[in-house]
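The data block below is input06.cif; it holds mmCIF, C-alpha atoms and all ligand atoms.
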data_entry
#
loop_
_atom_site.label_atom_id
_atom_site.label_comp_id
_atom_site.auth_asym_id
_atom_site.auth_seq_id
_atom_site.Cartn_x
_atom_site.Cartn_y
_atom_site.Cartn_z
CA MET A 183 0.00 0.00 0.00
CA LEU A 184 3.01 2.33 0.45
CA LYS A 185 5.33 1.25 -2.37
CA ASN A 186 6.47 4.29 -4.40
CA LYS A 187 3.96 6.54 -2.66
CA LYS A 188 5.18 10.12 -2.32
CA ILE A 189 4.87 11.19 1.29
CA LEU A 190 5.67 14.70 2.46
CA LEU A 191 6.46 14.48 6.16
CA CYS A 192 6.14 17.85 7.92
CA VAL A 193 7.75 18.08 11.35
CA THR A 194 6.91 20.91 13.75
CA GLY A 195 8.48 22.06 17.02
CA GLY A 196 7.12 19.65 19.61
CA ILE A 197 8.93 17.39 22.02
CA ALA A 198 7.85 14.37 19.91
CA ALA A 199 9.77 15.66 16.86
CA TYR A 200 12.41 12.97 17.39
CA LYS A 201 9.73 10.28 16.99
CA ALA A 202 9.15 11.50 13.43
CA VAL A 203 12.54 9.98 12.59
CA ASP A 204 11.15 6.51 13.31
CA LEU A 205 8.10 7.33 11.18
CA ALA A 206 10.31 8.47 8.28
CA SER A 207 12.34 5.29 8.63
CA ARG A 208 9.31 2.94 8.64
CA LEU A 209 7.76 4.63 5.64
CA THR A 210 11.05 4.52 3.72
CA LYS A 211 11.56 0.83 4.56
CA ALA A 212 8.02 0.11 3.34
CA GLY A 213 9.00 1.50 -0.09
CA ALA A 214 7.57 5.03 0.15
CA ILE A 215 9.49 8.08 -1.07
CA VAL A 216 9.65 10.43 1.91
CA LYS A 217 10.56 14.10 1.62
CA VAL A 218 10.70 16.16 4.80
CA ILE A 219 9.95 19.76 5.76
CA LEU A 220 10.84 21.01 9.24
CA THR A 221 9.82 24.28 10.82
CA LYS A 222 12.67 26.37 12.23
CA ASN A 223 11.37 25.50 15.70
CA ALA A 224 11.43 21.77 14.90
CA CYS A 225 15.18 22.17 14.25
CA GLU A 226 15.54 23.10 17.94
CA PHE A 227 14.46 19.52 18.75
CA ILE A 228 15.90 17.46 15.88
CA ASN A 229 18.61 17.96 13.28
CA PRO A 230 17.42 17.94 9.62
CA LEU A 231 20.49 15.87 8.76
CA THR A 232 19.00 12.89 10.62
CA PHE A 233 16.05 12.83 8.21
CA LYS A 234 18.36 13.25 5.22
CA ALA A 235 20.42 10.22 6.28
CA ILE A 236 17.29 8.09 6.68
CA THR A 237 15.19 9.13 3.69
CA HIS A 238 17.94 10.00 1.12
CA GLN A 239 15.50 12.61 -0.15
CA SER A 240 15.23 16.38 0.12
CA VAL A 241 14.88 17.88 3.61
CA SER A 242 13.84 21.53 3.64
CA VAL A 243 13.41 24.28 6.20
CA GLU A 244 13.65 27.65 4.44
CA LEU A 245 10.87 29.26 2.42
CA PHE A 246 13.27 31.60 0.67
CA ASN A 247 15.84 29.40 -1.04
CA LEU A 248 17.83 30.53 -4.08
CA GLU A 249 18.53 26.92 -5.13
CA VAL A 250 14.84 25.88 -5.25
CA PRO A 251 12.87 29.11 -5.68
CA ILE A 252 9.25 27.94 -5.38
CA GLU A 253 9.68 24.78 -3.39
CA HIS A 254 6.40 25.18 -1.49
CA ILE A 255 4.51 24.69 -4.77
CA SER A 256 6.69 21.88 -6.14
CA LEU A 257 6.48 19.93 -2.85
CA ALA A 258 2.74 20.60 -2.50
CA ASP A 259 2.15 19.24 -6.03
CA TRP A 260 4.58 16.33 -5.62
CA ALA A 261 3.02 14.78 -2.51
CA ASP A 262 0.45 11.98 -2.65
CA ILE A 263 -0.19 12.78 1.01
CA VAL A 264 1.05 15.41 3.46
CA VAL A 265 1.56 14.22 7.06
CA ILE A 266 2.19 16.74 9.83
CA ALA A 267 3.74 14.68 12.64
CA PRO A 268 4.04 15.90 15.28
CA ALA A 269 1.63 18.80 14.73
CA THR A 270 1.97 21.58 17.30
CA ALA A 271 -0.95 23.63 18.59
CA ASN A 272 0.75 26.46 16.74
CA ILE A 273 0.66 24.87 13.25
CA ILE A 274 -2.96 23.75 13.76
CA GLY A 275 -3.88 27.32 14.71
CA LYS A 276 -1.92 28.78 11.82
CA VAL A 277 -3.49 26.55 9.16
CA ALA A 278 -6.97 27.08 10.64
CA SER A 279 -6.42 30.84 10.39
CA GLY A 280 -5.03 30.78 6.86
CA ILE A 281 -1.54 31.80 7.91
CA ALA A 282 1.27 30.84 5.53
CA ASP A 283 4.45 32.43 6.89
CA ASP A 284 7.07 29.68 6.53
CA LEU A 285 7.81 26.80 4.14
CA LEU A 286 5.70 24.24 6.04
CA SER A 287 2.53 26.32 6.48
CA THR A 288 2.79 27.72 2.93
CA THR A 289 3.11 24.21 1.48
CA ILE A 290 0.01 23.03 3.39
CA MET A 291 -1.86 26.02 2.02
CA ALA A 292 -0.75 25.15 -1.53
CA THR A 293 -1.54 21.43 -1.60
CA SER A 294 -4.64 19.71 -2.89
CA SER A 295 -3.47 16.29 -1.64
CA PRO A 296 -4.89 14.72 1.52
CA VAL A 297 -3.40 16.24 4.69
CA LEU A 298 -3.15 14.28 7.94
CA PHE A 299 -2.40 16.07 11.22
CA VAL A 300 -0.94 14.08 14.12
CA PRO A 301 -1.25 16.47 17.08
CA ALA A 302 1.00 15.96 20.11
CA MET A 303 1.15 18.42 22.98
CA ASN A 304 0.47 19.04 26.65
CA VAL A 305 -3.06 17.92 27.63
CA LYS A 306 -4.16 21.46 28.51
CA MET A 307 -2.92 22.77 25.18
CA TYR A 308 -4.84 19.97 23.44
CA GLN A 309 -8.02 20.50 25.43
CA ASN A 310 -7.85 24.27 25.06
CA PRO A 311 -11.11 25.27 23.34
CA ILE A 312 -9.11 27.27 20.80
CA THR A 313 -7.17 24.14 19.75
CA GLN A 314 -10.38 22.08 19.69
CA ALA A 315 -12.22 24.72 17.62
CA ASN A 316 -9.27 24.87 15.19
CA ILE A 317 -9.32 21.06 14.83
CA SER A 318 -13.10 21.03 14.20
CA LYS A 319 -12.76 23.80 11.65
CA LEU A 320 -10.00 21.99 9.77
CA MET A 321 -11.91 18.68 9.87
CA ASP A 322 -14.91 20.44 8.36
CA TYR A 323 -12.61 21.58 5.55
CA GLY A 324 -11.63 17.93 4.93
CA TYR A 325 -8.29 17.78 6.76
CA PHE A 326 -7.70 14.48 8.56
CA PHE A 327 -6.75 14.22 12.22
CA MET A 328 -5.45 11.44 14.44
CA GLU A 329 -6.40 11.59 18.08
CA PRO A 330 -3.42 11.76 20.44
CA GLU A 331 -2.92 8.93 22.94
CA LYS A 332 -3.68 9.26 26.63
CA GLY A 333 -0.86 8.72 29.12
CA LEU A 334 2.08 10.30 30.88
CA LEU A 335 3.30 13.29 28.86
CA ALA A 336 6.87 14.56 28.57
CA CYS A 337 5.86 17.68 30.51
CA GLY A 338 4.91 15.49 33.50
CA TYR A 339 1.13 15.87 33.03
CA GLU A 340 -1.10 12.84 32.58
CA GLY A 341 -3.77 12.95 29.87
CA LYS A 342 -4.50 13.10 26.15
CA GLY A 343 -1.64 14.53 24.13
CA ARG A 344 0.89 11.78 23.46
CA PHE A 345 2.26 11.13 19.98
CA PRO A 346 0.64 7.86 18.81
CA LYS A 347 2.60 4.68 18.14
CA VAL A 348 4.28 4.97 14.76
CA GLU A 349 2.61 1.73 13.50
CA GLU A 350 -0.77 3.36 14.03
CA ILE A 351 0.24 6.49 12.09
CA VAL A 352 1.31 4.21 9.23
CA PHE A 353 -2.20 2.64 9.14
CA TYR A 354 -3.74 6.12 8.91
CA ILE A 355 -1.39 7.10 6.09
CA LYS A 356 -2.15 3.91 4.15
CA SER A 357 -5.84 4.60 4.54
CA TYR A 358 -5.92 8.27 3.56
CA LEU A 359 -3.72 7.64 0.53
CA LYS A 360 -6.76 5.86 -0.88
CA TYR A 361 -9.88 6.59 1.14
CA LYS A 362 -11.73 9.50 2.67
CA CYS A 363 -14.00 9.25 5.71
CA ASP A 364 -16.59 7.35 3.65
CA PHE A 365 -18.10 5.50 6.64
CA LEU A 366 -19.00 8.64 8.62
CA ASN A 367 -22.21 8.17 10.66
CA LYS A 368 -22.12 4.39 10.17
CA LYS A 369 -22.22 2.27 13.31
CA ILE A 370 -20.17 -0.89 12.90
CA LEU A 371 -20.01 -3.81 15.31
CA VAL A 372 -16.98 -6.11 15.02
CA THR A 373 -16.36 -9.27 17.01
CA ALA A 374 -12.85 -10.67 17.15
CA GLY A 375 -10.67 -13.29 18.78
CA ALA A 376 -10.92 -16.77 20.22
CA CYS A 377 -13.57 -17.57 22.81
CA GLN A 378 -12.49 -19.46 25.92
CA GLU A 379 -14.79 -21.96 27.62
CA ALA A 380 -13.85 -22.73 31.20
CA ILE A 381 -13.24 -26.27 32.47
CA ASP A 382 -12.25 -25.14 35.97
CA PRO A 383 -10.75 -21.91 37.42
CA MET A 384 -7.36 -22.78 35.81
CA ARG A 385 -8.21 -24.40 32.50
CA PHE A 386 -10.22 -23.67 29.40
CA ILE A 387 -10.97 -24.88 25.87
CA THR A 388 -10.17 -22.48 23.03
CA ASN A 389 -9.11 -22.29 19.37
CA TYR A 390 -6.29 -20.87 17.26
CA SER A 391 -7.95 -17.61 16.15
CA SER A 392 -5.57 -14.64 16.59
CA GLY A 393 -8.20 -11.90 16.30
CA LYS A 394 -6.04 -10.11 13.71
CA MET A 395 -8.69 -10.09 10.98
CA GLY A 396 -11.36 -8.63 13.25
CA LEU A 397 -9.00 -6.01 14.59
CA ALA A 398 -7.98 -5.07 11.06
CA ILE A 399 -11.65 -4.53 10.16
CA ALA A 400 -12.27 -2.48 13.32
CA ARG A 401 -9.17 -0.37 12.66
CA ALA A 402 -9.95 0.16 8.95
CA ALA A 403 -13.58 1.10 9.68
CA HIS A 404 -12.58 3.53 12.45
CA ILE A 405 -10.02 5.30 10.26
CA ARG A 406 -12.63 5.60 7.50
CA GLY A 407 -14.89 7.45 9.93
CA ALA A 408 -17.22 4.74 11.30
CA LYS A 409 -18.27 4.57 14.91
CA VAL A 410 -16.85 1.17 15.80
CA TYR A 411 -17.91 -1.06 18.68
CA LEU A 412 -15.48 -3.94 19.19
CA ILE A 413 -16.46 -7.02 21.19
CA TYR A 414 -13.48 -9.29 21.62
CA ALA A 415 -12.45 -12.54 23.23
CA ASP A 416 -8.82 -13.64 23.53
CA ILE A 417 -6.61 -11.85 21.00
CA ASP A 418 -2.87 -11.94 20.23
CA ILE A 419 -2.43 -8.22 19.69
CA GLU A 420 -2.98 -4.93 21.47
CA ILE A 421 -6.28 -3.08 20.90
CA PRO A 422 -5.48 0.27 19.24
CA TYR A 423 -5.78 3.09 21.78
CA TYR A 424 -8.50 4.82 19.73
CA LEU A 425 -10.76 1.76 20.06
CA SER A 426 -10.23 1.07 23.75
CA ASP A 427 -13.15 3.26 24.91
CA SER A 428 -15.55 1.51 22.54
CA SER A 429 -14.44 -2.07 23.18
CA LYS A 430 -15.71 -4.81 25.46
CA LYS A 431 -13.94 -8.02 26.42
CA THR A 432 -16.15 -11.11 26.58
CA LEU A 433 -14.22 -14.34 26.82
CA SER A 434 -17.01 -16.94 26.75
CA ALA A 435 -19.49 -17.52 23.93
CA GLU A 436 -22.34 -16.84 26.36
CA LYS A 437 -20.96 -13.44 27.42
CA MET A 438 -20.32 -12.54 23.79
CA TYR A 439 -23.91 -13.58 22.93
CA PHE A 440 -25.34 -11.14 25.49
CA ALA A 441 -23.00 -8.29 24.48
CA VAL A 442 -23.74 -8.71 20.75
CA THR A 443 -27.51 -9.15 21.06
CA GLU A 444 -27.73 -6.14 23.39
CA ALA A 445 -25.86 -3.88 20.95
CA PHE A 446 -27.23 -5.23 17.68
CA ALA A 447 -30.46 -3.20 17.29
CA ASN A 448 -28.45 0.04 17.10
CA ILE A 449 -25.89 -1.16 14.57
CA ASP A 450 -25.75 -0.62 10.79
CA ILE A 451 -23.11 -3.18 9.82
CA THR A 452 -21.93 -6.21 11.81
CA PHE A 453 -18.76 -8.20 11.11
CA MET A 454 -18.88 -11.43 13.14
CA SER A 455 -15.25 -12.43 12.83
CA ALA A 456 -14.73 -13.86 16.33
CA ALA A 457 -14.08 -17.59 16.53
CA VAL A 458 -16.98 -18.32 18.87
CA ALA A 459 -16.87 -21.63 20.70
CA ASP A 460 -19.48 -24.09 19.41
CA TYR A 461 -19.33 -26.10 22.62
CA LYS A 462 -18.89 -25.40 26.30
CA VAL A 463 -18.36 -27.65 29.30
CA GLU A 464 -21.70 -28.67 30.79
CA ASN A 465 -20.59 -28.50 34.45
CA ILE A 466 -17.67 -26.14 35.10
CA ASN A 467 -15.75 -27.26 38.18
CA LYS A 468 -15.73 -24.54 40.85
CA GLU A 469 -12.40 -25.76 42.28
CA LYS A 470 -9.27 -26.70 40.36
CA MET A 471 -9.62 -30.34 39.31
CA LYS A 472 -7.08 -32.76 40.74
CA LYS A 473 -5.16 -35.07 38.43
CA LYS A 474 -6.64 -38.58 38.61
CA GLY A 475 -7.16 -41.13 35.85
CA ASP A 476 -8.62 -40.37 32.42
CA LEU A 477 -11.13 -37.56 32.24
CA THR A 478 -14.33 -37.30 30.24
CA LEU A 479 -15.88 -33.88 29.81
CA LYS A 480 -19.43 -33.48 28.61
CA LEU A 481 -19.64 -30.63 26.10
CA VAL A 482 -22.92 -28.97 25.23
CA ARG A 483 -23.80 -26.51 22.45
CA THR A 484 -23.31 -22.80 23.04
CA LYS A 485 -25.86 -20.24 21.88
CA ASP A 486 -25.50 -19.54 18.13
CA ILE A 487 -24.90 -15.77 18.05
CA LEU A 488 -24.83 -15.46 14.26
CA ALA A 489 -28.07 -17.40 13.77
CA GLU A 490 -29.78 -15.29 16.43
CA ILE A 491 -28.82 -11.90 14.98
CA GLY A 492 -29.52 -13.25 11.48
CA LYS A 493 -33.12 -13.74 12.67
CA ARG A 494 -33.28 -10.27 14.23
CA LYS A 495 -31.68 -8.45 11.27
CA SER A 496 -33.76 -5.70 9.64
CA GLU A 497 -33.75 -4.82 5.91
CA SER A 498 -31.41 -1.88 6.47
CA GLN A 499 -28.83 -3.80 8.53
CA LEU A 500 -25.94 -5.66 6.95
CA LEU A 501 -24.58 -8.81 8.53
CA ILE A 502 -21.25 -10.35 7.57
CA GLY A 503 -20.29 -13.79 8.84
CA PHE A 504 -16.97 -15.63 8.67
CA ALA A 505 -16.31 -19.24 7.83
CA ALA A 506 -12.94 -20.76 8.58
CA GLU A 507 -12.99 -24.04 6.68
CA SER A 508 -10.53 -26.82 5.98
CA GLU A 509 -12.37 -28.33 2.97
CA ASN A 510 -15.06 -27.37 0.40
CA ILE A 511 -14.49 -23.80 1.49
CA LYS A 512 -16.82 -21.96 -0.87
CA GLU A 513 -19.61 -24.55 -0.80
CA ASN A 514 -19.71 -24.71 3.00
CA ALA A 515 -19.55 -20.92 3.25
CA TYR A 516 -22.47 -20.48 0.84
CA LYS A 517 -24.60 -22.90 2.87
CA LYS A 518 -23.83 -20.87 6.02
CA LEU A 519 -24.66 -17.59 4.22
CA VAL A 520 -28.14 -18.88 3.35
CA LYS A 521 -28.82 -20.72 6.60
CA LYS A 522 -27.88 -17.79 8.86
CA ASN A 523 -29.51 -15.07 6.72
CA LEU A 524 -26.23 -13.21 6.09
CA ASN A 525 -25.56 -10.51 3.50
CA PHE A 526 -21.95 -11.61 3.01
CA ILE A 527 -19.70 -14.37 4.19
CA ALA A 528 -15.91 -14.21 4.31
CA ALA A 529 -14.58 -17.71 3.81
CA ASN A 530 -11.00 -18.68 4.31
CA ASN A 531 -8.81 -21.70 4.72
CA ILE A 532 -7.88 -22.34 8.36
CA SER A 533 -4.23 -22.78 7.36
CA VAL A 534 -3.84 -18.96 7.18
CA SER A 535 -5.20 -18.40 10.71
CA GLY A 536 -2.93 -16.24 12.88
CA LYS A 537 -0.87 -14.88 10.00
CA ASP A 538 -0.67 -11.25 8.84
CA ASN A 539 -1.74 -12.06 5.28
CA THR A 540 -4.91 -13.78 4.22
CA LYS A 541 -6.89 -14.97 1.23
CA ILE A 542 -10.64 -14.64 1.52
CA HIS A 543 -13.60 -15.52 -0.69
CA PHE A 544 -16.07 -12.73 0.02
CA ILE A 545 -19.40 -14.11 -1.04
CA SER A 546 -22.96 -12.78 -1.22
CA LYS A 547 -25.95 -14.28 -3.05
CA GLU A 548 -25.11 -12.12 -6.09
CA THR A 549 -21.33 -11.62 -5.93
CA GLU A 550 -18.08 -13.39 -5.24
CA ASP A 551 -14.71 -11.68 -4.80
CA GLU A 552 -11.34 -13.15 -4.01
CA LEU A 553 -9.45 -10.85 -1.66
CA ASN A 554 -5.77 -11.41 -1.11
CA GLY A 555 -3.18 -9.46 0.84
CA ASP A 556 -2.34 -8.20 4.30
CA LYS A 557 -5.29 -8.21 6.66
CA PHE A 558 -5.62 -4.40 6.75
CA GLU A 559 -5.79 -4.31 2.95
CA VAL A 560 -8.31 -7.15 2.85
CA ALA A 561 -10.39 -5.44 5.56
CA ASN A 562 -10.51 -2.29 3.44
CA SER A 563 -11.51 -4.29 0.35
CA MET A 564 -14.38 -5.88 2.31
CA LEU A 565 -15.46 -2.40 3.42
CA ASP A 566 -15.38 -1.23 -0.24
CA ILE A 567 -17.71 -4.06 -1.27
CA VAL A 568 -20.02 -3.40 1.69
CA LEU A 569 -20.11 0.31 0.80
CA GLU A 570 -21.12 -0.53 -2.78
CA LYS A 571 -23.96 -2.66 -1.39
CA ILE A 572 -25.09 0.19 0.90
CA LYS A 573 -25.14 2.61 -2.06
CA LYS A 574 -27.30 0.17 -4.06
CA MET A 575 -29.64 -0.28 -1.07
CA GLU A 576 -29.95 3.51 -0.69
CA GLN A 577 -30.79 3.92 -4.39
CA LYS A 578 -33.78 1.56 -4.08
C1 LIG B 601 10.74 22.14 25.40
C2 LIG B 601 9.53 22.50 24.59
C3 LIG B 601 8.67 21.53 24.21
C4 LIG B 601 7.53 21.84 23.47
N1 LIG B 601 6.68 20.84 23.10
C5 LIG B 601 5.57 21.13 22.40
C6 LIG B 601 4.68 20.11 22.03
O1 LIG B 601 4.90 18.91 22.31
N2 LIG B 601 3.57 20.45 21.33
C7 LIG B 601 3.29 21.75 20.99
O2 LIG B 601 2.25 21.98 20.40
N3 LIG B 601 4.14 22.72 21.32
C8 LIG B 601 5.27 22.47 22.00
N4 LIG B 601 6.13 23.48 22.34
C9 LIG B 601 5.83 24.83 21.90
C10 LIG B 601 6.21 25.05 20.46
O3 LIG B 601 7.60 24.77 20.28
C11 LIG B 601 5.91 26.50 20.05
O4 LIG B 601 4.50 26.70 20.07
C12 LIG B 601 6.46 26.84 18.70
O5 LIG B 601 6.07 28.14 18.35
C13 LIG B 601 5.99 25.86 17.62
O6 LIG B 601 6.51 26.25 16.37
P1 LIG B 601 6.16 25.48 15.01
O7 LIG B 601 4.74 25.10 15.06
O8 LIG B 601 6.43 26.50 13.95
O9 LIG B 601 7.13 24.36 14.91
C14 LIG B 601 7.27 23.19 23.08
C15 LIG B 601 8.17 24.17 23.45
C16 LIG B 601 9.29 23.85 24.21
C17 LIG B 601 10.23 24.93 24.59
#

When written as structure tokens, how does the structure in this file appear?
Ligand SMILES: Cc1cc2nc3c(=O)[nH]c(=O)nc-3n(C[C@H](O)[C@H](O)[C@H](O)COP(=O)(O)O)c2cc1C
Amino acid sequence: MLKNKKILLCVTGGIAAYKAVDLASRLTKAGAIVKVILTKNACEFINPLTFKAITHQSVSVELFNLEVPIEHISLADWADIVVIAPATANIIGKVASGIADDLLSTTIMATSSPVLFVPAMNVKMYQNPITQANISKLMDYGYFFMEPEKGLLACGYEGKGRFPKVEEIVFYIKSYLKYKCDFLNKKILVTAGACQEAIDPMRFITNYSSGKMGLAIARAAHIRGAKVYLIYADIDIEIPYYLSDSSKKTLSAEKMYFAVTEAFANIDITFMSAAVADYKVENINKEKMKKKGDLTLKLVRTKDILAEIGKRKSESQLLIGFAAESENIKENAYKKLVKKNLNFIAANNISVSGKDNTKIHFISKETEDELNGDKFEVANSMLDIVLEKIKKMEQK
């Protein structure tokens, strides 16, 4: 998604300026061409030479430069995307007020490419109503923003203002190179991960699902503007900080059933990608079981969440199920699509479970697409197909 993409990285004078070096490095390693602009104040925190050594591309600070006379226009036209990371309260205020008094702010003014701001500052500076009004104003104009992380800030304060993890910024860049916020006002429920069914207080039955596909869908939908509610069981990876306030952990199939059925009526699109346990132990031992001879456990069926919400689904709701199969993948998936009243089913071979790449047959009654690639890319492709379906439904 980043190969040969032209990324203009704009670094302003915040304490997190040094973290932009890691961002430049990751983007360059992923095959992007990264040019850098620093404000004069950013040079107080980080030396432009560091970026030059990492990107092997132009690194600029001065607006008035005899060697490259109208660089603000050439860079503005060159970029596929402009990323301001870190973005100070000052640059946000300047752009919101139409000020163009140095190379960086003038280039932002001159570009028609997507612009992503990654604010990082003291929590009081971030919460200042002037900063918030500037952000709202710029978002209304179509500029993209990443929320800062909460946590301990360099200034010693605790709160929202931290520079996000570089991996997360990379996901945002990948997304806005191609998409806008085309899922605004859509409420999307995603389930992810492997359910655990208790045997006793120490032991449980589970499966190999990593939760990566579900998380990729939740992440992709959030970045494209959806309001995402994530219900997850056991997962191998960290929940992105911007989803943590709208996530709920439910380890057992029963708990997930109640969480999903409670939320469902308010949801526009549901992706049921969790690997829900089909069976649970009939009598969970209250105390840790002692080792004796052989053990027989009686397993009974869990509640079928997908079948239940398939029954409850209204005409305007879209329901997407997942089928991890080891044989007759498409045939078995199609049967599940019909039986559970789904709009789409994403069928894959269980041999790719847990990996970062996947190959999925995305099937509806009318269409069939083969989606191949890293899970974030595949998640976005699924969202594209779902969006097409929504547009057709709205035309009717
Ligand atoms: C040590 C130090 C750290 C600073 N960190 C930040 C910061 O993290 N975020 C921010 O918005 N401003 C920060 N500032 C204030 C900016 O440097 C100041 O507003 C400056 O005018 C920004 O210029 P620029 O936006 O042109 O780079 C810091 C200032 C100092 C002295």

Neighbours of range 341-350 of chain A within 6 Å (all atoms listed in the file; same-chain residues fewer than 5 positions away dropped), as an mmCIF file with C-alpha atoms, in the frame of the given file?
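The result, stored in result.cif:
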data_model
loop_
_atom_site.group_PDB
_atom_site.id
_atom_site.type_symbol
_atom_site.label_atom_id
_atom_site.label_comp_id
_atom_site.auth_asym_id
_atom_site.auth_seq_id
_atom_site.Cartn_x
_atom_site.Cartn_y
_atom_site.Cartn_z
ATOM 1 C CA LEU A 205 8.100 7.330 11.180
ATOM 2 C CA ALA A 302 1.000 15.960 20.110
ATOM 3 C CA MET A 303 1.150 18.420 22.980
ATOM 4 C CA ASN A 304 0.470 19.040 26.650
ATOM 5 C CA VAL A 305 -3.060 17.920 27.630
ATOM 6 C CA PRO A 330 -3.420 11.760 20.440
ATOM 7 C CA GLU A 331 -2.920 8.930 22.940
ATOM 8 C CA LYS A 332 -3.680 9.260 26.630
ATOM 9 C CA GLY A 333 -0.860 8.720 29.120
#

What residues of the protein or nucleic acid chains come within 7 Å of ligand LIG 601 (chain B) when you use only C-alpha atoms and all ligand atoms? Reply as an mmCIF file with C-alpha atoms, in the frame of the given file.
data_model
loop_
_atom_site.group_PDB
_atom_site.id
_atom_site.type_symbol
_atom_site.label_atom_id
_atom_site.label_comp_id
_atom_site.auth_asym_id
_atom_site.auth_seq_id
_atom_site.Cartn_x
_atom_site.Cartn_y
_atom_site.Cartn_z
ATOM 1 C CA THR A 194 6.910 20.910 13.750
ATOM 2 C CA GLY A 195 8.480 22.060 17.020
ATOM 3 C CA GLY A 196 7.120 19.650 19.610
ATOM 4 C CA ILE A 197 8.930 17.390 22.020
ATOM 5 C CA ALA A 198 7.850 14.370 19.910
ATOM 6 C CA THR A 221 9.820 24.280 10.820
ATOM 7 C CA LYS A 222 12.670 26.370 12.230
ATOM 8 C CA ASN A 223 11.370 25.500 15.700
ATOM 9 C CA ALA A 224 11.430 21.770 14.900
ATOM 10 C CA ALA A 269 1.630 18.800 14.730
ATOM 11 C CA THR A 270 1.970 21.580 17.300
ATOM 12 C CA ALA A 271 -0.950 23.630 18.590
ATOM 13 C CA ASN A 272 0.750 26.460 16.740
ATOM 14 C CA ILE A 273 0.660 24.870 13.250
ATOM 15 C CA ALA A 302 1.000 15.960 20.110
ATOM 16 C CA MET A 303 1.150 18.420 22.980
ATOM 17 C CA ASN A 304 0.470 19.040 26.650
#

Pick out the residues sitting within 9 Å of range 318-325 of chain A, and hand them over as a PDB file with C-alpha atoms, in the frame of the given file; count all atoms listed in the file, and ignore anything fewer than 3 positions along from it in its own chain.
ATOM      1  CA  ILE A 274      -2.960  23.750  13.760  1.00  0.00           C
ATOM      2  CA  VAL A 277      -3.490  26.550   9.160  1.00  0.00           C
ATOM      3  CA  ALA A 278      -6.970  27.080  10.640  1.00  0.00           C
ATOM      4  CA  PRO A 296      -4.890  14.720   1.520  1.00  0.00           C
ATOM      5  CA  VAL A 297      -3.400  16.240   4.690  1.00  0.00           C
ATOM      6  CA  LEU A 298      -3.150  14.280   7.940  1.00  0.00           C
ATOM      7  CA  PHE A 299      -2.400  16.070  11.220  1.00  0.00           C
ATOM      8  CA  THR A 313      -7.170  24.140  19.750  1.00  0.00           C
ATOM      9  CA  GLN A 314     -10.380  22.080  19.690  1.00  0.00           C
ATOM     10  CA  ALA A 315     -12.220  24.720  17.620  1.00  0.00           C
ATOM     11  CA  LYS A 362     -11.730   9.500   2.670  1.00  0.00           C
TER      12      LYS A 362
END

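Shortest atom-to-atom contact with Lys522 in chain A among A:Asp538, A:Asp476, A:Leu335, A:Ile487: A:Ile487, counting all atoms listed in the file.
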
Between CA of His543 in chain A and CA of Asn530 in chain A, what is the distance in Å, rounded to a tenth?
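Going from CA of His543 in chain A over to CA of Asn530 in chain A, I get 6.5 Å.
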
CA of Ser294 in chain A to CA of Leu184 in chain A: how many Å, to one decimal?
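These two atoms are separated by 19.3 Å.
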
Considering all atoms listed in the file, can you say which of A:Leu231, A:Thr443, A:Gly275, A:Leu553 comes closest to Ile312 in chain A?
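Of all the options, A:Gly275 lies closest to Ile312 in chain A.
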
Could you work out how far CA of Ala376 in chain A lies from CA of Tyr390 in chain A, giving the answer in Å with one decimal?
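Between CA of Tyr390 in chain A and CA of Ala376 in chain A the gap works out to 6.9 Å.
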
Which is closest to Gly375 in chain A among A:Thr432, A:His254, A:Ile355, A:Ala261, if we use all atoms listed in the file?
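Checking each candidate against Gly375 in chain A, we get A:Thr432 as the closest.
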
One residue among A:Tyr354, A:Ala506, A:Glu548, A:Ser498 is nearest to Val520 in chain A when using all atoms listed in the file, and that residue is A:Glu548

Considering all atoms listed in the file, return as a PyMOL selection string whatever protein or nucleic-acid residues lie within 9 Å of Phe446 in chain A, sequence-local ones (same chain, fewer than 2 positions apart) excluded.
chain A and resi 371+441-444+448-450+452+491+494-495

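Between Val203 in chain A and the candidates A:Val216, A:Ile255, A:Leu501, A:Ala435, the tightest atom-to-atom separation, counting all atoms listed in the file, involves A:Val216.
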
Taking (-2.6, -13.5, 11.4) in the file's coordinates, which residues come within 9 Å, counting all atoms listed in the file, written as a PyMOL selection string?
chain A and resi 391-395+418+534-540+556-557

May I have the selected residues written with C-alpha atoms, as a PDB file, in the frame of the given file?
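What landed in again.pdb:
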ATOM      1  CA  SER A 391      -7.950 -17.610  16.150  1.00  0.00           C
ATOM      2  CA  SER A 392      -5.570 -14.640  16.590  1.00  0.00           C
ATOM      3  CA  GLY A 393      -8.200 -11.900  16.300  1.00  0.00           C
ATOM      4  CA  LYS A 394      -6.040 -10.110  13.710  1.00  0.00           C
ATOM      5  CA  MET A 395      -8.690 -10.090  10.980  1.00  0.00           C
ATOM      6  CA  ASP A 418      -2.870 -11.940  20.230  1.00  0.00           C
ATOM      7  CA  VAL A 534      -3.840 -18.960   7.180  1.00  0.00           C
ATOM      8  CA  SER A 535      -5.200 -18.400  10.710  1.00  0.00           C
ATOM      9  CA  GLY A 536      -2.930 -16.240  12.880  1.00  0.00           C
ATOM     10  CA  LYS A 537      -0.870 -14.880  10.000  1.00  0.00           C
ATOM     11  CA  ASP A 538      -0.670 -11.250   8.840  1.00  0.00           C
ATOM     12  CA  ASN A 539      -1.740 -12.060   5.280  1.00  0.00           C
ATOM     13  CA  THR A 540      -4.910 -13.780   4.220  1.00  0.00           C
ATOM     14  CA  ASP A 556      -2.340  -8.200   4.300  1.00  0.00           C
ATOM     15  CA  LYS A 557      -5.290  -8.210   6.660  1.00  0.00           C
TER      16      LYS A 557
END
